[in-house]
$ cat structure-v1.cif   # mmCIF, C-alpha atoms and all ligand atoms
data_run
#
loop_
_atom_site.label_atom_id
_atom_site.label_comp_id
_atom_site.auth_asym_id
_atom_site.auth_seq_id
_atom_site.Cartn_x
_atom_site.Cartn_y
_atom_site.Cartn_z
CA MET A 1 -7.01 124.70 142.16
CA ASN A 2 -7.89 126.96 140.62
CA ALA A 3 -11.25 127.76 141.56
CA ASN A 4 -8.87 128.68 144.38
CA ALA A 5 -7.20 131.38 142.31
CA VAL A 6 -10.54 133.10 142.04
CA ALA A 7 -11.98 132.11 145.40
CA THR A 8 -8.88 133.44 147.15
CA ASP A 9 -6.94 136.57 146.36
CA ARG A 10 -4.26 134.66 144.40
CA ILE A 11 -4.13 134.94 140.62
CA TYR A 12 -2.42 133.04 137.78
CA ASN A 13 1.24 133.96 137.97
CA PHE A 14 3.11 133.35 134.69
CA SER A 15 6.30 135.00 135.96
CA ALA A 16 9.60 133.63 134.64
CA GLY A 17 11.17 133.87 138.09
CA PRO A 18 10.88 134.31 140.97
CA ALA A 19 7.84 132.27 140.15
CA VAL A 20 4.83 130.38 141.40
CA LEU A 21 5.34 127.92 144.26
CA PRO A 22 3.08 125.07 145.38
CA GLU A 23 0.31 126.46 147.57
CA SER A 24 0.80 123.73 150.18
CA VAL A 25 4.45 124.80 150.50
CA ILE A 26 3.49 128.41 151.10
CA GLU A 27 0.91 127.39 153.66
CA GLN A 28 3.43 125.26 155.54
CA ALA A 29 5.99 128.08 155.39
CA GLN A 30 3.47 130.50 156.86
CA LYS A 31 3.19 128.25 159.92
CA ASP A 32 6.92 127.58 160.18
CA LEU A 33 7.79 131.27 159.98
CA TRP A 34 6.19 131.53 163.39
CA ASN A 35 7.30 128.29 165.01
CA ILE A 36 8.95 125.40 163.21
CA ARG A 37 8.70 121.84 164.53
CA ASP A 38 7.48 122.97 167.95
CA SER A 39 10.82 124.63 168.63
CA GLY A 40 9.17 127.89 169.66
CA ILE A 41 11.34 129.67 167.07
CA GLY A 42 10.53 130.51 163.45
CA ILE A 43 12.58 129.14 160.55
CA LEU A 44 14.03 132.57 159.75
CA GLU A 45 15.40 132.86 163.27
CA HIS A 46 17.14 129.51 163.71
CA SER A 47 20.93 129.21 163.76
CA HIS A 48 22.33 127.47 160.71
CA ARG A 49 24.33 125.29 163.12
CA GLY A 50 21.44 124.36 165.43
CA LYS A 51 19.64 121.01 165.65
CA VAL A 52 16.49 122.21 163.93
CA PHE A 53 18.35 123.45 160.88
CA ASP A 54 20.52 120.31 160.90
CA ARG A 55 17.34 118.37 160.19
CA VAL A 56 16.08 120.87 157.62
CA ILE A 57 19.23 120.67 155.51
CA GLU A 58 19.69 116.91 155.95
CA GLU A 59 16.12 116.26 154.82
CA ALA A 60 16.42 118.70 151.92
CA GLU A 61 19.50 116.89 150.68
CA ALA A 62 18.00 113.42 151.19
CA ASP A 63 14.78 114.39 149.39
CA CYS A 64 16.73 116.01 146.57
CA ARG A 65 18.61 112.74 146.11
CA LYS A 66 15.32 110.83 146.07
CA VAL A 67 13.72 113.15 143.52
CA GLY A 68 16.70 113.12 141.17
CA ASN A 69 17.89 109.56 141.90
CA ILE A 70 21.29 111.04 142.76
CA SER A 71 23.94 108.64 144.00
CA ASP A 72 26.57 109.28 146.63
CA ASP A 73 29.14 109.76 143.85
CA TYR A 74 27.67 113.26 143.71
CA ALA A 75 27.62 116.02 146.29
CA VAL A 76 24.43 118.07 146.62
CA LEU A 77 25.25 121.69 147.44
CA PHE A 78 23.15 124.71 148.32
CA LEU A 79 25.14 127.76 147.28
CA GLN A 80 24.69 131.51 146.94
CA GLY A 81 25.21 134.04 144.19
CA GLY A 82 22.57 132.70 141.81
CA ALA A 83 23.16 130.68 138.68
CA SER A 84 25.15 133.66 137.37
CA THR A 85 27.90 132.97 139.90
CA GLN A 86 28.18 129.45 138.47
CA PHE A 87 28.96 131.03 135.09
CA GLY A 88 32.27 132.16 136.61
CA GLN A 89 32.81 129.57 139.33
CA ILE A 90 32.83 126.64 136.90
CA PRO A 91 35.61 127.94 134.62
CA MET A 92 37.48 129.33 137.63
CA ASN A 93 37.60 125.79 139.04
CA PHE A 94 38.11 123.79 135.88
CA LEU A 95 39.65 125.95 133.12
CA GLY A 96 43.03 127.63 132.77
CA PRO A 97 45.06 129.36 130.07
CA ASP A 98 45.81 126.04 128.34
CA ARG A 99 42.46 124.43 128.79
CA ILE A 100 39.43 124.56 126.54
CA ALA A 101 35.71 123.91 127.04
CA ASP A 102 32.81 123.63 124.58
CA TYR A 103 29.93 126.07 125.01
CA PRO A 104 27.10 126.01 122.45
CA ASN A 105 25.39 129.39 122.51
CA THR A 106 21.63 129.06 122.75
CA GLY A 107 20.56 132.35 124.29
CA GLU A 108 21.24 135.15 126.68
CA TRP A 109 22.29 132.94 129.60
CA THR A 110 24.84 130.92 127.64
CA THR A 111 26.14 134.19 126.15
CA LYS A 112 26.85 135.33 129.69
CA ALA A 113 28.37 131.97 130.66
CA ILE A 114 30.69 132.16 127.63
CA LYS A 115 31.74 135.69 128.53
CA ASP A 116 32.78 134.55 132.01
CA ALA A 117 34.48 131.35 130.82
CA LYS A 118 36.70 133.35 128.46
CA LYS A 119 38.15 135.12 131.48
CA PHE A 120 39.58 131.83 132.76
CA GLY A 121 40.44 129.76 129.70
CA LYS A 122 39.74 128.97 126.08
CA VAL A 123 36.22 128.59 124.82
CA ASN A 124 35.03 126.78 121.72
CA VAL A 125 31.52 127.69 120.54
CA PRO A 126 30.46 124.72 118.38
CA PHE A 127 27.04 126.21 117.65
CA ASP A 128 25.89 129.82 117.78
CA GLY A 129 22.16 130.44 117.55
CA ALA A 130 22.49 134.23 117.65
CA ALA A 131 22.18 134.75 113.90
CA GLU A 132 18.81 132.94 113.93
CA ASN A 133 17.70 134.80 117.05
CA PHE A 134 17.91 131.61 119.09
CA ILE A 135 14.92 129.82 117.57
CA ARG A 136 16.45 126.42 118.29
CA VAL A 137 19.17 124.46 120.06
CA PRO A 138 21.78 122.42 118.15
CA THR A 139 21.12 118.86 117.09
CA ASP A 140 23.84 116.25 117.58
CA ALA A 141 24.49 116.52 113.82
CA ASP A 142 25.10 120.29 114.18
CA LEU A 143 27.77 119.56 116.77
CA GLU A 144 29.51 116.75 114.91
CA GLY A 145 33.06 117.65 113.96
CA LYS A 146 32.86 120.96 115.84
CA LEU A 147 33.77 119.77 119.33
CA SER A 148 37.21 120.22 120.86
CA PRO A 149 39.12 116.93 121.02
CA ASN A 150 40.34 117.59 124.56
CA ALA A 151 37.53 119.62 126.03
CA ARG A 152 37.78 119.89 129.79
CA TYR A 153 33.97 119.95 129.79
CA PHE A 154 30.94 120.73 127.64
CA HIS A 155 28.57 123.36 129.06
CA TYR A 156 24.97 123.70 127.88
CA CYS A 157 21.72 125.28 129.03
CA SER A 158 19.01 122.61 128.94
CA ASN A 159 16.11 125.10 128.84
CA ASN A 160 16.45 128.61 127.48
CA THR A 161 14.14 130.70 129.63
CA ILE A 162 14.02 133.77 127.42
CA PHE A 163 13.65 132.15 124.00
CA GLY A 164 11.55 129.16 125.05
CA THR A 165 13.71 126.40 123.60
CA ARG A 166 15.04 123.24 125.21
CA TYR A 167 17.22 120.26 124.43
CA PRO A 168 14.89 117.26 124.04
CA THR A 169 17.80 115.11 125.29
CA PRO A 170 21.29 116.06 126.52
CA PRO A 171 23.74 116.72 123.68
CA ARG A 172 26.06 113.93 122.58
CA THR A 173 29.69 114.53 123.45
CA ASP A 174 32.56 112.61 125.01
CA ALA A 175 33.48 115.57 127.21
CA PRO A 176 32.23 115.75 130.81
CA LEU A 177 28.78 117.39 130.66
CA ILE A 178 27.84 120.47 132.67
CA CYS A 179 24.25 121.69 132.58
CA ASP A 180 22.59 124.97 133.49
CA ALA A 181 19.14 123.60 134.31
CA SER A 182 17.94 126.74 136.09
CA SER A 183 14.58 127.05 134.39
CA GLU A 184 13.62 123.40 134.23
CA MET A 185 15.31 121.65 137.14
CA PHE A 186 13.20 118.68 138.24
CA SER A 187 10.50 119.35 135.65
CA ARG A 188 11.42 116.09 133.89
CA PRO A 189 13.68 113.15 134.69
CA ILE A 190 17.34 114.07 134.49
CA ASP A 191 20.15 111.65 133.82
CA THR A 192 22.51 112.83 136.53
CA ASP A 193 25.03 110.10 135.77
CA ARG A 194 25.66 111.58 132.33
CA HIS A 195 26.78 114.86 133.94
CA VAL A 196 29.64 115.97 136.13
CA LEU A 197 27.85 119.10 137.29
CA ILE A 198 24.26 120.34 137.15
CA TYR A 199 23.23 123.69 138.56
CA ALA A 200 20.03 125.65 138.94
CA GLY A 201 19.06 128.93 140.51
CA ALA A 202 16.10 128.01 142.70
CA GLN A 203 13.68 130.76 141.83
CA LYS A 204 11.86 129.01 139.01
CA ASN A 205 11.13 125.40 139.84
CA LEU A 206 12.67 124.87 143.25
CA GLY A 207 12.08 127.70 145.68
CA PRO A 208 12.84 131.36 146.33
CA SER A 209 15.71 133.39 144.90
CA GLY A 210 18.99 133.42 146.81
CA VAL A 211 19.92 129.76 146.70
CA THR A 212 21.46 127.72 143.89
CA LEU A 213 21.33 123.95 143.74
CA VAL A 214 24.62 122.44 142.55
CA ILE A 215 24.99 118.72 141.99
CA ILE A 216 28.61 117.85 141.37
CA ARG A 217 30.51 114.60 140.93
CA ARG A 218 32.88 114.31 143.84
CA ASP A 219 35.78 113.01 141.77
CA PHE A 220 35.34 115.83 139.24
CA ALA A 221 35.41 118.40 142.05
CA GLU A 222 38.74 116.90 143.15
CA THR A 223 40.27 117.84 139.80
CA ALA A 224 39.67 121.57 140.36
CA ASN A 225 42.41 124.20 140.28
CA SER A 226 44.17 125.05 143.51
CA ASN A 227 44.51 128.40 145.28
CA LEU A 228 40.90 129.40 144.76
CA MET A 229 39.22 131.70 147.24
CA GLU A 230 37.35 129.48 149.68
CA MET A 231 33.84 130.55 148.64
CA MET A 232 34.62 129.69 145.02
CA ASP A 233 36.09 126.26 145.72
CA TYR A 234 33.53 123.45 145.37
CA ARG A 235 35.73 121.17 147.50
CA ASN A 236 35.36 123.58 150.39
CA HIS A 237 31.56 123.53 150.16
CA ILE A 238 31.54 119.73 149.88
CA LYS A 239 33.77 119.40 152.92
CA ASN A 240 31.55 121.73 154.93
CA GLY A 241 28.18 120.37 153.79
CA SER A 242 27.17 123.74 152.26
CA ARG A 243 27.82 125.39 155.64
CA TYR A 244 31.25 126.95 155.21
CA ASN A 245 29.58 130.27 155.95
CA THR A 246 25.97 131.13 156.78
CA PRO A 247 23.97 129.52 154.00
CA PRO A 248 20.63 130.80 152.67
CA THR A 249 18.70 128.95 155.36
CA PHE A 250 15.21 129.99 154.31
CA GLY A 251 15.82 129.09 150.67
CA ILE A 252 17.13 125.66 151.65
CA TYR A 253 14.11 125.13 153.88
CA ILE A 254 11.66 126.03 151.07
CA MET A 255 13.54 123.87 148.57
CA GLY A 256 13.22 120.98 151.01
CA LEU A 257 9.45 121.45 151.11
CA VAL A 258 9.32 121.64 147.30
CA PHE A 259 11.28 118.37 147.01
CA LYS A 260 8.75 116.70 149.34
CA TRP A 261 5.92 118.15 147.23
CA ILE A 262 7.47 116.73 144.02
CA LEU A 263 7.70 113.30 145.67
CA GLU A 264 4.05 113.53 146.76
CA GLN A 265 3.06 114.37 143.19
CA GLY A 266 4.62 111.13 141.96
CA GLY A 267 8.15 112.32 141.16
CA LEU A 268 9.72 113.44 137.94
CA GLU A 269 7.87 111.15 135.51
CA SER A 270 4.62 112.54 136.79
CA MET A 271 5.97 116.10 136.61
CA GLU A 272 7.03 115.56 133.02
CA ARG A 273 3.63 114.19 131.97
CA ARG A 274 1.79 117.05 133.58
CA ASN A 275 4.12 119.69 132.23
CA ALA A 276 3.96 118.32 128.69
CA ALA A 277 0.17 118.35 128.77
CA LYS A 278 0.07 121.89 130.21
CA ALA A 279 2.44 123.24 127.56
CA GLN A 280 0.53 121.46 124.78
CA LEU A 281 -2.63 123.39 125.67
CA ILE A 282 -0.89 126.66 124.84
CA TYR A 283 1.09 125.38 121.85
CA ASP A 284 -2.19 124.06 120.37
CA ALA A 285 -3.71 127.52 120.71
CA ILE A 286 -0.70 128.94 118.80
CA ASP A 287 -0.71 126.26 116.09
CA GLU A 288 -4.45 126.41 115.52
CA SER A 289 -4.57 130.21 115.24
CA ASP A 290 -3.88 130.39 111.50
CA GLY A 291 -0.85 132.57 112.07
CA PHE A 292 -2.53 135.03 114.45
CA TYR A 293 0.03 133.85 117.05
CA VAL A 294 3.59 133.04 115.99
CA GLY A 295 5.66 130.72 118.19
CA HIS A 296 9.31 131.68 118.66
CA SER A 297 10.89 128.23 118.97
CA GLN A 298 11.02 125.60 116.26
CA SER A 299 8.49 122.96 117.29
CA TRP A 300 10.90 120.06 117.87
CA CYS A 301 12.73 121.89 120.66
CA ARG A 302 9.89 123.80 122.28
CA SER A 303 10.25 124.38 126.00
CA HIS A 304 7.67 122.91 128.36
CA MET A 305 8.46 125.61 130.90
CA ASN A 306 8.55 128.89 128.97
CA VAL A 307 6.13 129.19 126.06
CA THR A 308 7.16 132.12 123.88
CA PHE A 309 5.15 133.66 121.06
CA ARG A 310 4.17 136.95 119.54
CA LEU A 311 1.08 138.28 117.85
CA LYS A 312 1.32 138.66 114.07
CA ASN A 313 0.14 142.22 114.64
CA PRO A 314 2.40 143.46 117.47
CA ASP A 315 0.14 146.49 117.97
CA LEU A 316 -2.38 144.14 119.58
CA GLU A 317 0.02 142.90 122.26
CA GLY A 318 -0.91 145.60 124.75
CA ALA A 319 -4.60 144.78 124.35
CA PHE A 320 -3.83 141.07 124.76
CA LEU A 321 -1.94 141.66 128.00
CA LYS A 322 -4.76 143.89 129.27
CA ALA A 323 -7.37 141.20 128.48
CA ALA A 324 -5.19 138.67 130.31
CA ALA A 325 -4.93 140.93 133.35
CA GLU A 326 -8.72 141.28 133.40
CA GLN A 327 -8.89 137.49 133.69
CA ARG A 328 -6.46 137.47 136.60
CA MET A 329 -3.38 136.45 134.61
CA ASP A 330 -0.10 138.20 135.34
CA GLY A 331 3.54 138.01 134.17
CA LEU A 332 2.90 137.31 130.48
CA LYS A 333 4.98 140.10 128.99
CA GLY A 334 7.98 138.67 127.10
CA HIS A 335 11.54 139.33 128.25
CA ARG A 336 12.77 142.83 127.50
CA SER A 337 15.23 141.48 124.90
CA THR A 338 12.62 139.58 122.86
CA GLY A 339 9.28 141.29 123.42
CA GLY A 340 6.09 139.36 122.62
CA ILE A 341 4.47 137.07 125.14
CA ARG A 342 6.04 134.51 127.44
CA ALA A 343 4.01 132.12 129.56
CA SER A 344 6.21 130.53 132.20
CA ILE A 345 4.43 127.46 133.46
CA TYR A 346 6.77 125.79 135.93
CA ASN A 347 5.99 122.64 137.96
CA ALA A 348 3.76 124.45 140.44
CA PHE A 349 1.79 126.36 137.81
CA PRO A 350 -1.75 124.93 137.68
CA ARG A 351 -3.18 123.31 134.57
CA ALA A 352 -6.31 125.45 134.96
CA GLY A 353 -4.18 128.54 134.33
CA CYS A 354 -2.94 127.08 131.03
CA GLU A 355 -6.54 126.30 130.07
CA THR A 356 -7.57 129.85 130.91
CA LEU A 357 -4.75 131.31 128.81
CA ALA A 358 -5.46 129.01 125.85
CA GLN A 359 -9.14 130.00 125.95
CA LEU A 360 -8.26 133.69 126.07
CA MET A 361 -5.93 133.20 123.08
CA ARG A 362 -8.76 131.66 121.06
CA ASP A 363 -11.32 134.27 122.10
CA PHE A 364 -8.93 137.13 121.44
CA ALA A 365 -7.99 135.79 117.99
CA ASN A 366 -11.68 135.43 117.13
CA ARG A 367 -12.36 139.00 118.18
CA HIS A 368 -9.35 140.52 116.41
CA GLY A 369 -8.42 138.03 113.68
C1 LIG B 401 18.72 129.44 132.28
C2 LIG B 401 19.16 130.49 133.24
N1 LIG B 401 20.44 130.51 133.67
C3 LIG B 401 20.88 131.43 134.54
C4 LIG B 401 20.04 132.41 135.03
C5 LIG B 401 20.58 133.43 135.98
O1 LIG B 401 20.10 133.11 137.23
P1 LIG B 401 20.38 134.00 138.53
O2 LIG B 401 19.51 135.20 138.40
O3 LIG B 401 20.01 133.09 139.65
O4 LIG B 401 21.83 134.37 138.55
C6 LIG B 401 18.69 132.42 134.64
C7 LIG B 401 17.79 133.44 135.18
O5 LIG B 401 16.68 133.65 134.75
C8 LIG B 401 18.26 131.44 133.71
O6 LIG B 401 16.98 131.43 133.30
#

$ encode --input "structure-v1.cif" --output "structure tokens" --more "lines below"
Ligand SMILES: Cc1ncc(COP(=O)(O)O)c(C=O)c1O
Amino acid sequence: MNANAVATDRIYNFSAGPAVLPESVIEQAQKDLWNIRDSGIGILEHSHRGKVFDRVIEEAEADCRKVGNISDDYAVLFLQGGASTQFGQIPMNFLGPDRIADYPNTGEWTTKAIKDAKKFGKVNVPFDGAAENFIRVPTDADLEGKLSPNARYFHYCSNNTIFGTRYPTPPRTDAPLICDASSEMFSRPIDTDRHVLIYAGAQKNLGPSGVTLVIIRRDFAETANSNLMEMMDYRNHIKNGSRYNTPPTFGIYIMGLVFKWILEQGGLESMERRNAAKAQLIYDAIDESDGFYVGHSQSWCRSHMNVTFRLKNPDLEGAFLKAAAEQRMDGLKGHRSTGGIRASIYNAFPRAGCETLAQLMRDFANRHG
């Protein structure tokens, strides 16, 4: 790549999600849509209980475990309803009127998670970034003395897609850790053993929309409330291997291909190195612009997945986006709640696209600065 992006009809896609996928995955999927594994039937048309799909889901789970170094103490689930369903499913399973959980608020997604958790139990918000417009995540020092002594769990969002911040390392707490890793899952090594539950909507780093990866400690799942509706009960999905009902078969299939692709690329250490270098190209263009571009996040917690900034003169943003479109770059408009520019550069986003954007930023600043 990405002579490819120009040689073919594909362009640089900076979308925050659904987002860019590895080209080799799309090419394989094109073939398998027609006829997967010489079965004479395409992947979309196979029964979720047939032999072909048995292999697809078994391999997806095995490769997921390899990528994330996930032990058998954890179940790997492929669920529906997006990450947003997890906002409610987690407290429904693990909270209650007399139970409390810690939820630092670091952006729009944690705000929504908090709203849902309050419907099922008590919520302590040990840090609220709203007043600062979410320019950072809490440090361990910020959290000290603010955590609930008997928290049932501590929920955090490791990468804040809209504001472009991330936790450099998981927060320090004695409570069982739960992580919304939707916008950075498998973009860097993850210490699964420090968590009881990690979840991620697939449509950023893992696959298409419609499937959510949930990694949950089996013994923690056993402590869930009783009398839950079956689709909301993690134990039910564990018992049925994610096939209590018809699962999102295509999404699971694509995720499986993406896991294989990550392994071929050298795994999570390699992903992290590449992602850090890609993000640095754009952050350098911001930092060297003499204030022409203003980054949203404080530098110590800058996201490697979603680079957010605005132009000092917001009237130039339209012209900037137009210049980007002319150079075959799409999806750079910031989220509707923040405005500005957001470059989402997930695992599969090519380095050449980051170079092209950084060059445009310099040229544009020279022309208009
Ligand atoms: C960090 C984070 N959490 C949760 C969500 C919600 O995901 P979904 O649309 O799959 O419900 C998103 C979506 O962008 C997100 O970025």

$ residues_around --input "structure-v1.cif" --residues "stretch 293-307 of chain A" --least-positions-apart "4" --cutoff "8 Å" --atoms "all atoms listed in the file" --output "MDAnalysis selection string"
chainID A and resid 16 134:137 159:168 183:184 275:276 278:279 282:283 286:287 289 311:312 342:346

$ residues_near_ligand --input "structure-v1.cif" --ligand "ligand LIG 401 (chain B)" --cutoff "9 Å" --atoms "all atoms listed in the file" --output "ChimeraX atom specification"
/A:16-18,80-87,107-110,112-113,157-162,180-184,199-204,209-212

$ residues_near_point --input "structure-v1.cif" --point "(16.1, 115.6, 134.3)" --cutoff "10 Å" --atoms "only C-alpha atoms" --output "JSON, numbers by chain"
{"A": [67, 68, 69, 158, 169, 170, 181, 184, 185, 186, 187, 188, 189, 190, 191, 192, 198, 268, 269, 272]}

$ residues_around --input "structure-v1.cif" --residues "A:Arg217" --least-positions-apart "2" --cutoff "9 Å" --atoms "only C-alpha atoms" --output "list in words"
Asp72, Asp73, Tyr74, Ala75, Asp193, His195, Val196, Leu197, Ile215, Asp219, Phe220, Ala221 and Glu222 of chain A

$ residues_near_point --input "structure-v1.cif" --point "(14.2, 120.4, 150.8)" --cutoff "7 Å" --atoms "all atoms listed in the file" --output "ChimeraX atom specification"
/A:57,59-61,63-64,252-260

$ residues_around --input "structure-v1.cif" --residues "A:Leu360" --least-positions-apart "4" --cutoff "10 Å" --atoms "all atoms listed in the file" --output "ChimeraX atom specification"
/A:285,320,323-324,327,354-356,364-366

$ atom_distance --input "structure-v1.cif" --atom1 "atom CA of A:Leu177" --atom2 "atom CA of A:Ser270"
25.4 Å

$ residues_around --input "structure-v1.cif" --residues "A:His155" --least-positions-apart "5" --cutoff "7 Å" --atoms "all atoms listed in the file" --output "list in words"
Asp102, Tyr103, Leu177, Ile178 and Cys179 of chain A

$ atom_distance --input "structure-v1.cif" --atom1 "atom CA of A:Arg49" --atom2 "atom CA of A:Gln30"
22.4 Å

$ atom_distance --input "structure-v1.cif" --atom1 "atom CA of A:Ser148" --atom2 "atom CA of A:Leu228"
25.9 Å
